[in-house]
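Down below is the structure, laid out as structure tokens.
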Amino acid sequence: MEMTKLKSISKLNKWFDGLNEPLIIAGPCSAESEEQVMQTAKEIAALGKVKVFRSGIWKPRTRPGNFEGVGEEGLLWLQQVKKETGLLTTVEVANPEHVDLAIKYNIDILWIGARTTSNPFSIQELADHLKGYDKPVMVKNPINPDVNLWVGALERFHKAGINKLAAVHRGFYPFEATSLRNIPKWEVPIELKSICHNLPIICDPSHIAGNTEYIAEISQKALDLNMDGLMIETHYNPTVALSDMNQQLTPQQLGNLLDNLIFRTTSTKDEDFAGILDTLRNQIDSIDQQMLELLSQRMNIVEEIGKYKSKNEVTILQLRRWEKILSTRLKLGKSLGLSEDFVKNLLQLVHKESIQRQTEVMNKFTSSKNKE
Ligand code: PEP
Ligand code: MN
């Protein structure tokens, strides 16, 4: 059952095909005033590279008392943005009332915040409420690096009949001090991609970085990992932003960033990548085959020695010989760039199997001797 659902999620098509690819989403962390929204949107639209305008209308704040968003009024400004610039619009929704309002004001895409994704009750409530609507939904990763919680949220929306889904990678809460606001843990979105092959994944470098300094580097990394888009917080004047002021770019900075990013075309990249990968994998296959053949030859010789030892009534374990093997191989391994731990573990494994083989040979030898 679970697996069937996962498979069907993995068959989802990129619903934003035909839009810019990768999909670029930009806009302020929060809508603050009509002027701030309109000015930012016009400057972003003028870049000609952004397709979707983002803006928080209801802000999930860690502590109460911080700016919690302008509410319904902001949705009117977003309608205006769409009318005047042609940009699509997206807002965060965290409860059914937000969904109703976003639908009432024709917001094009809904997104689910990291805190909401962390709670399956909230997700189920939102999914139930969205049944029957054909709204695209983008699901941010949960605060903790739990890929199943992320997949689970996507599944709940999918089960509710939502086919236009995307994931947004915004990093994970760091338990250790780091220069980034959230640690990217790239292996998590990569695992999500391997579970849901065709699910678009968009990177939000702004919330990973927490600071404008790192946004370019993180964006490039996301593109290099073949992510399907970027969501970048942009404000016409970040110095007066009411939330996340340190991580918002000006529209001009956004333009520079987009100009300097290397967008590799997916198809050639995929072909090159697949070709190179194939070659390297062929090499590994061939080396593995040789390695196993050599190990088999080694075991045959070990058995020969076992027979010989039995005949001459010598014990299996010859400590001095083993010590010599270890020291010479460790030296050789080191000169070949292999770590001491690895060579030691490998030799111990081989030695254990060799002793096992010799014991079998010797038991056979003794029992046949006893029969004589
Ligand atoms: C946001 O996008 O402004 C936001 C609150 O993000 P997140 O849910 O990733 O913290
Ligand atoms: Mn923000």
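Please note that chains go A, B, ... in the order of the structure tokens, that every chain numbers its residues from 1, and that ligands are numbered from 1 in the order shown.
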
**Study point:** Test item: residues at most 12 Å from Asn363 in chain A, only C-alpha atoms, excluding those fewer than 4 positions along its chain, as a PyMOL selection string
**Key:** chain A and resi 303+306-307+309-311+316+356-359+367-370

Just all heavy atoms for this one: save the residues we selected as a CSV table (one decimal), in the first residue's frame.
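So the final result, stored in selection13.csv, reads:
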chain,number,residue,atom,x,y,z
A,303,GLU,N,43.6,-23.8,1.4
A,303,GLU,CA,43.2,-25.2,1.6
A,303,GLU,C,44.4,-26.2,1.4
A,303,GLU,O,44.5,-27.2,2.1
A,303,GLU,CB,42.1,-25.6,0.6
A,303,GLU,CG,40.8,-24.9,1.1
A,303,GLU,CD,39.5,-25.4,0.3
A,303,GLU,OE1,39.7,-26.4,-0.4
A,303,GLU,OE2,38.5,-24.8,0.6
A,306,GLY,N,46.3,-26.2,4.3
A,306,GLY,CA,45.6,-26.9,5.4
A,306,GLY,C,45.9,-28.4,5.3
A,306,GLY,O,46.2,-29.0,6.3
A,307,LYS,N,45.8,-28.9,4.1
A,307,LYS,CA,46.1,-30.4,3.9
A,307,LYS,C,47.5,-30.7,4.3
A,307,LYS,O,47.8,-31.7,5.0
A,307,LYS,CB,45.9,-30.8,2.4
A,307,LYS,CG,44.5,-30.9,2.0
A,307,LYS,CD,44.4,-31.2,0.5
A,307,LYS,CE,43.0,-30.8,0.0
A,307,LYS,NZ,43.0,-30.6,-1.4
A,309,LYS,N,49.4,-29.0,6.4
A,309,LYS,CA,49.6,-28.9,7.8
A,309,LYS,C,49.0,-30.2,8.5
A,309,LYS,O,49.6,-30.7,9.5
A,309,LYS,CB,48.8,-27.7,8.4
A,309,LYS,CG,49.5,-26.3,8.2
A,309,LYS,CD,48.6,-25.2,8.8
A,309,LYS,CE,49.2,-23.9,8.6
A,309,LYS,NZ,48.2,-22.8,8.9
A,310,SER,N,47.9,-30.7,8.0
A,310,SER,CA,47.3,-31.9,8.6
A,310,SER,C,48.2,-33.0,8.6
A,310,SER,O,48.5,-33.7,9.6
A,310,SER,CB,46.0,-32.3,7.9
A,310,SER,OG,45.1,-31.3,8.0
A,311,LYS,N,48.8,-33.2,7.4
A,311,LYS,CA,49.7,-34.3,7.2
A,311,LYS,C,50.8,-34.3,8.2
A,311,LYS,O,51.3,-35.3,8.7
A,311,LYS,CB,50.2,-34.3,5.8
A,311,LYS,CG,49.5,-35.3,4.8
A,311,LYS,CD,50.2,-35.4,3.5
A,311,LYS,CE,49.1,-35.6,2.4
A,311,LYS,NZ,49.5,-35.0,1.2
A,316,ILE,N,46.9,-24.9,13.1
A,316,ILE,CA,46.4,-24.0,12.0
A,316,ILE,C,47.0,-22.6,12.2
A,316,ILE,O,47.6,-22.0,11.2
A,316,ILE,CB,44.9,-23.9,12.0
A,316,ILE,CG1,44.3,-25.2,11.7
A,316,ILE,CG2,44.4,-22.8,11.1
A,316,ILE,CD1,42.8,-25.3,11.7
A,356,GLN,N,38.8,-20.7,8.9
A,356,GLN,CA,37.6,-21.5,8.7
A,356,GLN,C,37.8,-22.6,7.7
A,356,GLN,O,37.5,-23.8,7.9
A,356,GLN,CB,36.5,-20.6,8.4
A,356,GLN,CG,35.2,-21.2,8.0
A,356,GLN,CD,34.5,-21.7,9.3
A,356,GLN,OE1,34.8,-21.2,10.4
A,356,GLN,NE2,33.5,-22.6,9.1
A,357,ARG,N,38.4,-22.2,6.5
A,357,ARG,CA,38.6,-23.2,5.4
A,357,ARG,C,39.6,-24.3,5.9
A,357,ARG,O,39.4,-25.5,5.6
A,357,ARG,CB,39.2,-22.5,4.2
A,357,ARG,CG,38.3,-21.6,3.5
A,357,ARG,CD,37.4,-22.4,2.6
A,357,ARG,NE,36.6,-21.5,1.7
A,357,ARG,CZ,36.8,-21.5,0.4
A,357,ARG,NH1,37.6,-22.3,-0.2
A,357,ARG,NH2,36.1,-20.6,-0.3
A,358,GLN,N,40.6,-23.9,6.6
A,358,GLN,CA,41.7,-24.8,7.0
A,358,GLN,C,41.1,-25.8,8.0
A,358,GLN,O,41.4,-27.0,8.0
A,358,GLN,CB,42.9,-24.1,7.5
A,358,GLN,CG,43.7,-23.5,6.4
A,358,GLN,CD,45.1,-23.1,6.9
A,358,GLN,OE1,45.5,-23.2,8.1
A,358,GLN,NE2,45.9,-22.8,5.9
A,359,THR,N,40.2,-25.3,8.9
A,359,THR,CA,39.6,-26.1,9.9
A,359,THR,C,38.8,-27.2,9.2
A,359,THR,O,38.9,-28.4,9.6
A,359,THR,CB,38.7,-25.3,10.9
A,359,THR,OG1,39.4,-24.1,11.3
A,359,THR,CG2,38.2,-26.1,12.1
A,367,SER,N,39.0,-37.0,10.0
A,367,SER,CA,37.9,-38.1,10.0
A,367,SER,C,38.2,-39.2,8.9
A,367,SER,O,38.0,-40.3,9.2
A,367,SER,CB,36.5,-37.5,9.7
A,367,SER,OG,36.5,-36.9,8.4
A,368,SER,N,38.8,-38.8,7.8
A,368,SER,CA,39.2,-39.9,6.8
A,368,SER,C,40.3,-40.7,7.3
A,368,SER,O,40.4,-41.9,7.1
A,368,SER,CB,39.5,-39.3,5.4
A,368,SER,OG,40.6,-38.4,5.5
A,369,LYS,N,41.2,-40.1,8.1
A,369,LYS,CA,42.3,-40.8,8.7
A,369,LYS,C,41.8,-41.8,9.7
A,369,LYS,O,42.3,-43.0,9.8
A,369,LYS,CB,43.3,-39.8,9.3
A,369,LYS,CG,44.7,-40.3,9.3
A,369,LYS,CD,45.6,-39.2,9.8
A,369,LYS,CE,46.9,-39.8,10.3
A,369,LYS,NZ,47.6,-38.9,11.1
A,370,ASN,N,40.8,-41.3,10.5
A,370,ASN,CA,40.2,-42.2,11.6
A,370,ASN,C,39.5,-43.4,11.0
A,370,ASN,O,39.5,-44.5,11.6
A,370,ASN,CB,39.2,-41.4,12.4
A,370,ASN,CG,40.0,-40.5,13.3
A,370,ASN,OD1,41.2,-40.6,13.5
A,370,ASN,ND2,39.3,-39.5,13.9

Using only C-alpha atoms, which residues sit within 9 Å of Gln124 in chain A once same-chain residues fewer than 6 positions away are excluded, as a PDB file with all heavy atoms, in the first residue's frame?
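Writing the result to part18.pdb gives the following:
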ATOM      1  N   ALA A 153       4.266  13.674   4.303  1.00  0.00           N
ATOM      2  CA  ALA A 153       3.464  14.879   4.043  1.00  0.00           C
ATOM      3  C   ALA A 153       3.070  14.917   2.565  1.00  0.00           C
ATOM      4  O   ALA A 153       1.900  15.168   2.225  1.00  0.00           O
ATOM      5  CB  ALA A 153       4.248  16.121   4.427  1.00  0.00           C
ATOM      6  N   ARG A 156       0.332  12.447   1.954  1.00  0.00           N
ATOM      7  CA  ARG A 156      -1.000  12.857   2.427  1.00  0.00           C
ATOM      8  C   ARG A 156      -1.678  13.778   1.412  1.00  0.00           C
ATOM      9  O   ARG A 156      -2.865  13.660   1.148  1.00  0.00           O
ATOM     10  CB  ARG A 156      -0.896  13.545   3.798  1.00  0.00           C
ATOM     11  CG  ARG A 156      -0.614  12.567   4.927  1.00  0.00           C
ATOM     12  CD  ARG A 156      -0.454  13.274   6.268  1.00  0.00           C
ATOM     13  NE  ARG A 156       0.258  12.414   7.197  1.00  0.00           N
ATOM     14  CZ  ARG A 156      -0.319  11.481   7.950  1.00  0.00           C
ATOM     15  NH1 ARG A 156      -1.630  11.319   7.914  1.00  0.00           N
ATOM     16  NH2 ARG A 156       0.403  10.723   8.741  1.00  0.00           N
ATOM     17  N   PHE A 157      -0.906  14.698   0.813  1.00  0.00           N
ATOM     18  CA  PHE A 157      -1.501  15.581  -0.201  1.00  0.00           C
ATOM     19  C   PHE A 157      -1.859  14.782  -1.452  1.00  0.00           C
ATOM     20  O   PHE A 157      -2.914  14.986  -2.040  1.00  0.00           O
ATOM     21  CB  PHE A 157      -0.543  16.729  -0.555  1.00  0.00           C
ATOM     22  CG  PHE A 157      -0.461  17.761   0.532  1.00  0.00           C
ATOM     23  CD1 PHE A 157       0.694  17.936   1.268  1.00  0.00           C
ATOM     24  CD2 PHE A 157      -1.567  18.553   0.833  1.00  0.00           C
ATOM     25  CE1 PHE A 157       0.758  18.870   2.289  1.00  0.00           C
ATOM     26  CE2 PHE A 157      -1.518  19.499   1.855  1.00  0.00           C
ATOM     27  CZ  PHE A 157      -0.341  19.652   2.593  1.00  0.00           C
TER      28      PHE A 157
END

Exercise for review: Produce as a PyMOL selection string the set of residues near ligand 1, where near means within 6 Å with only C-alpha atoms and all ligand atoms considered.
Suggested key: chain A and resi 29+56+113-115+170

Please produce an output containing N, CA, C and O atoms for each residue in the selection, written as a CSV table (one decimal), in the first residue's frame.
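Contents of part24.csv, freshly written:
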chain,number,residue,atom,x,y,z
A,29,CYS,N,10.4,37.8,2.4
A,29,CYS,CA,10.0,36.8,3.4
A,29,CYS,C,8.5,37.1,3.7
A,29,CYS,O,7.7,36.2,3.7
A,56,GLY,N,5.3,35.8,2.4
A,56,GLY,CA,4.6,35.3,3.6
A,56,GLY,C,3.5,36.2,4.0
A,56,GLY,O,3.7,37.5,4.1
A,113,GLY,N,5.0,25.3,5.2
A,113,GLY,CA,6.3,25.7,5.9
A,113,GLY,C,6.9,24.5,6.7
A,113,GLY,O,6.2,23.5,6.9
A,114,ALA,N,8.2,24.7,7.0
A,114,ALA,CA,8.9,23.6,7.6
A,114,ALA,C,8.3,23.1,9.0
A,114,ALA,O,8.2,22.0,9.3
A,115,ARG,N,7.8,24.1,9.7
A,115,ARG,CA,7.2,23.8,11.0
A,115,ARG,C,5.9,23.0,10.8
A,115,ARG,O,5.6,22.1,11.6
A,170,ARG,N,14.9,23.4,2.5
A,170,ARG,CA,15.3,24.6,3.2
A,170,ARG,C,16.3,24.4,4.3
A,170,ARG,O,16.5,25.2,5.2

Exercise for review: Determine the nearest neighbour of Glu191 in chain A from the options A:His207, A:Lys344, A:His169, A:His235, counting only C-alpha atoms.
Suggested key: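 Selected residue with least distance to Glu191 in chain A: A:His169.
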
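Coordinates place CA of Ile25 in chain A at a distance of 25.4 Å from CA of Ala160 in chain A.
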
Can I get the residues of chain A within 12 Å of ligand 2, each with the closest pair of atoms and their distance in Å to one decimal, using only C-alpha atoms and all ligand atoms, sorted chain first then ascending number, as a tab-separated table?
residue	atom	partner	partner_atom_place_in_ligand_line	distance
A:Ala26	CA	ligand 2	1 (Mn)	11.3
A:Gly27	CA	ligand 2	1 (Mn)	9.9
A:Pro28	CA	ligand 2	1 (Mn)	7.6
A:Cys29	CA	ligand 2	1 (Mn)	4.1
A:Ser30	CA	ligand 2	1 (Mn)	7.0
A:Ala31	CA	ligand 2	1 (Mn)	10.7
A:Arg54	CA	ligand 2	1 (Mn)	10.2
A:Ser55	CA	ligand 2	1 (Mn)	8.8
A:Gly56	CA	ligand 2	1 (Mn)	7.6
A:Ile57	CA	ligand 2	1 (Mn)	11.0
A:Trp58	CA	ligand 2	1 (Mn)	11.0
A:Lys59	CA	ligand 2	1 (Mn)	8.3
A:Pro60	CA	ligand 2	1 (Mn)	9.3
A:Arg61	CA	ligand 2	1 (Mn)	9.7
A:Thr62	CA	ligand 2	1 (Mn)	11.8
A:Phe67	CA	ligand 2	1 (Mn)	11.6
A:Glu68	CA	ligand 2	1 (Mn)	11.5
A:Gly69	CA	ligand 2	1 (Mn)	11.2
A:Val91	CA	ligand 2	1 (Mn)	11.5
A:Glu92	CA	ligand 2	1 (Mn)	10.5
A:Gly113	CA	ligand 2	1 (Mn)	9.9
A:Ala114	CA	ligand 2	1 (Mn)	10.9
A:Arg170	CA	ligand 2	1 (Mn)	10.2
A:Arg181	CA	ligand 2	1 (Mn)	11.3
A:Asp204	CA	ligand 2	1 (Mn)	9.8
A:Pro205	CA	ligand 2	1 (Mn)	10.7
A:Ser206	CA	ligand 2	1 (Mn)	7.5
A:His207	CA	ligand 2	1 (Mn)	6.5
A:Ile208	CA	ligand 2	1 (Mn)	10.3
A:Ala209	CA	ligand 2	1 (Mn)	11.0
A:Gly210	CA	ligand 2	1 (Mn)	8.8
A:Asn211	CA	ligand 2	1 (Mn)	11.2
A:Met231	CA	ligand 2	1 (Mn)	10.6
A:Ile232	CA	ligand 2	1 (Mn)	9.4
A:Glu233	CA	ligand 2	1 (Mn)	6.9
A:Thr234	CA	ligand 2	1 (Mn)	9.8
A:His235	CA	ligand 2	1 (Mn)	10.9
A:Pro238	CA	ligand 2	1 (Mn)	11.7
A:Ala241	CA	ligand 2	1 (Mn)	10.3
A:Leu242	CA	ligand 2	1 (Mn)	10.0
A:Ser243	CA	ligand 2	1 (Mn)	6.5
A:Asp244	CA	ligand 2	1 (Mn)	5.3
A:Met245	CA	ligand 2	1 (Mn)	8.6
A:Asn246	CA	ligand 2	1 (Mn)	9.9
A:Gln247	CA	ligand 2	1 (Mn)	8.1
A:Gln248	CA	ligand 2	1 (Mn)	8.3
A:Leu249	CA	ligand 2	1 (Mn)	11.7

Check your understanding: Hey, what's within 9 Å of Glu84 in chain A if we count only C-alpha atoms and toss same-chain stuff fewer than 4 positions away? As a list in words, please?
Key ->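 Answer for this query is Met38, Lys42, Gln79 and Gln80 of chain A.
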
Any chance you could export the current selection's N, CA and C atoms as a PDB file, in the first residue's frame?
ATOM      1  N   MET A  38       4.561  45.837  -4.026  1.00  0.00           N
ATOM      2  CA  MET A  38       4.496  46.233  -5.436  1.00  0.00           C
ATOM      3  C   MET A  38       5.876  46.608  -5.984  1.00  0.00           C
ATOM      4  N   LYS A  42       7.727  44.534  -8.940  1.00  0.00           N
ATOM      5  CA  LYS A  42       8.036  45.164 -10.238  1.00  0.00           C
ATOM      6  C   LYS A  42       9.519  45.019 -10.569  1.00  0.00           C
ATOM      7  N   GLN A  79      -2.762  39.886  -5.511  1.00  0.00           N
ATOM      8  CA  GLN A  79      -3.626  39.907  -6.711  1.00  0.00           C
ATOM      9  C   GLN A  79      -3.162  41.015  -7.653  1.00  0.00           C
ATOM     10  N   GLN A  80      -2.821  42.112  -7.032  1.00  0.00           N
ATOM     11  CA  GLN A  80      -2.341  43.272  -7.790  1.00  0.00           C
ATOM     12  C   GLN A  80      -1.011  42.957  -8.492  1.00  0.00           C
TER      13      GLN A  80
END

**Study point:** Residue list (alpha helix (DSSP H), DSSP) for range 44-259 of chain A, as a PyMOL selection string
**Key:** chain A and resi 44-47+72-85+96-104+114-117+120-130+147-159+187-195+205-209+215-224+251-259

Practice item. With a distance cut-off of 8 Å and only C-alpha atoms, select the neighbouring residues of Thr90 in chain A, excluding the residue or stretch itself and same-chain residues fewer than 6 positions from it, and output the selection as a list of chain:residue names. Key: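 Surrounding residues, per the criterion: A:Val52, A:Phe53, A:Arg54, A:Ser55, A:Ile107, A:Asp108, A:Ile109, A:Leu110, A:Trp111.
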
Writing out the chosen residues with N, CA and C atoms as an mmCIF file, in the first residue's frame:
data_model
loop_
_atom_site.group_PDB
_atom_site.id
_atom_site.type_symbol
_atom_site.label_atom_id
_atom_site.label_comp_id
_atom_site.auth_asym_id
_atom_site.auth_seq_id
_atom_site.Cartn_x
_atom_site.Cartn_y
_atom_site.Cartn_z
ATOM 1 N N VAL A 52 7.698 33.109 -10.403
ATOM 2 C CA VAL A 52 6.739 33.086 -9.295
ATOM 3 C C VAL A 52 7.166 34.077 -8.212
ATOM 4 N N PHE A 53 6.188 34.825 -7.710
ATOM 5 C CA PHE A 53 6.442 35.788 -6.638
ATOM 6 C C PHE A 53 5.992 35.179 -5.320
ATOM 7 N N ARG A 54 6.926 35.086 -4.360
ATOM 8 C CA ARG A 54 6.587 34.516 -3.054
ATOM 9 C C ARG A 54 6.389 35.624 -2.039
ATOM 10 N N SER A 55 5.585 35.335 -1.028
ATOM 11 C CA SER A 55 5.460 36.290 0.052
ATOM 12 C C SER A 55 4.725 35.644 1.207
ATOM 13 N N ILE A 107 -4.646 32.741 -5.333
ATOM 14 C CA ILE A 107 -3.189 32.531 -5.249
ATOM 15 C C ILE A 107 -2.885 31.276 -6.067
ATOM 16 N N ASP A 108 -1.802 31.304 -6.864
ATOM 17 C CA ASP A 108 -1.567 30.207 -7.814
ATOM 18 C C ASP A 108 -1.017 28.938 -7.169
ATOM 19 N N ILE A 109 -0.101 29.120 -6.222
ATOM 20 C CA ILE A 109 0.584 27.957 -5.647
ATOM 21 C C ILE A 109 0.593 28.126 -4.125
ATOM 22 N N LEU A 110 0.391 27.035 -3.403
ATOM 23 C CA LEU A 110 0.464 27.117 -1.941
ATOM 24 C C LEU A 110 1.771 26.467 -1.499
ATOM 25 N N TRP A 111 2.352 26.985 -0.412
ATOM 26 C CA TRP A 111 3.488 26.251 0.139
ATOM 27 C C TRP A 111 3.256 25.955 1.611
#

Exercise for review: Once DSSP has gone over the backbone, tell me which residues of range 158-257 of chain A are in strand (DSSP E or B), as a ChimeraX atom specification.
Suggested key: /A:165-169,172,183,201-203,229-234,249

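Atom to atom, CA of Lys131 in chain A and CA of Ile162 in chain A stand 7.4 Å apart.
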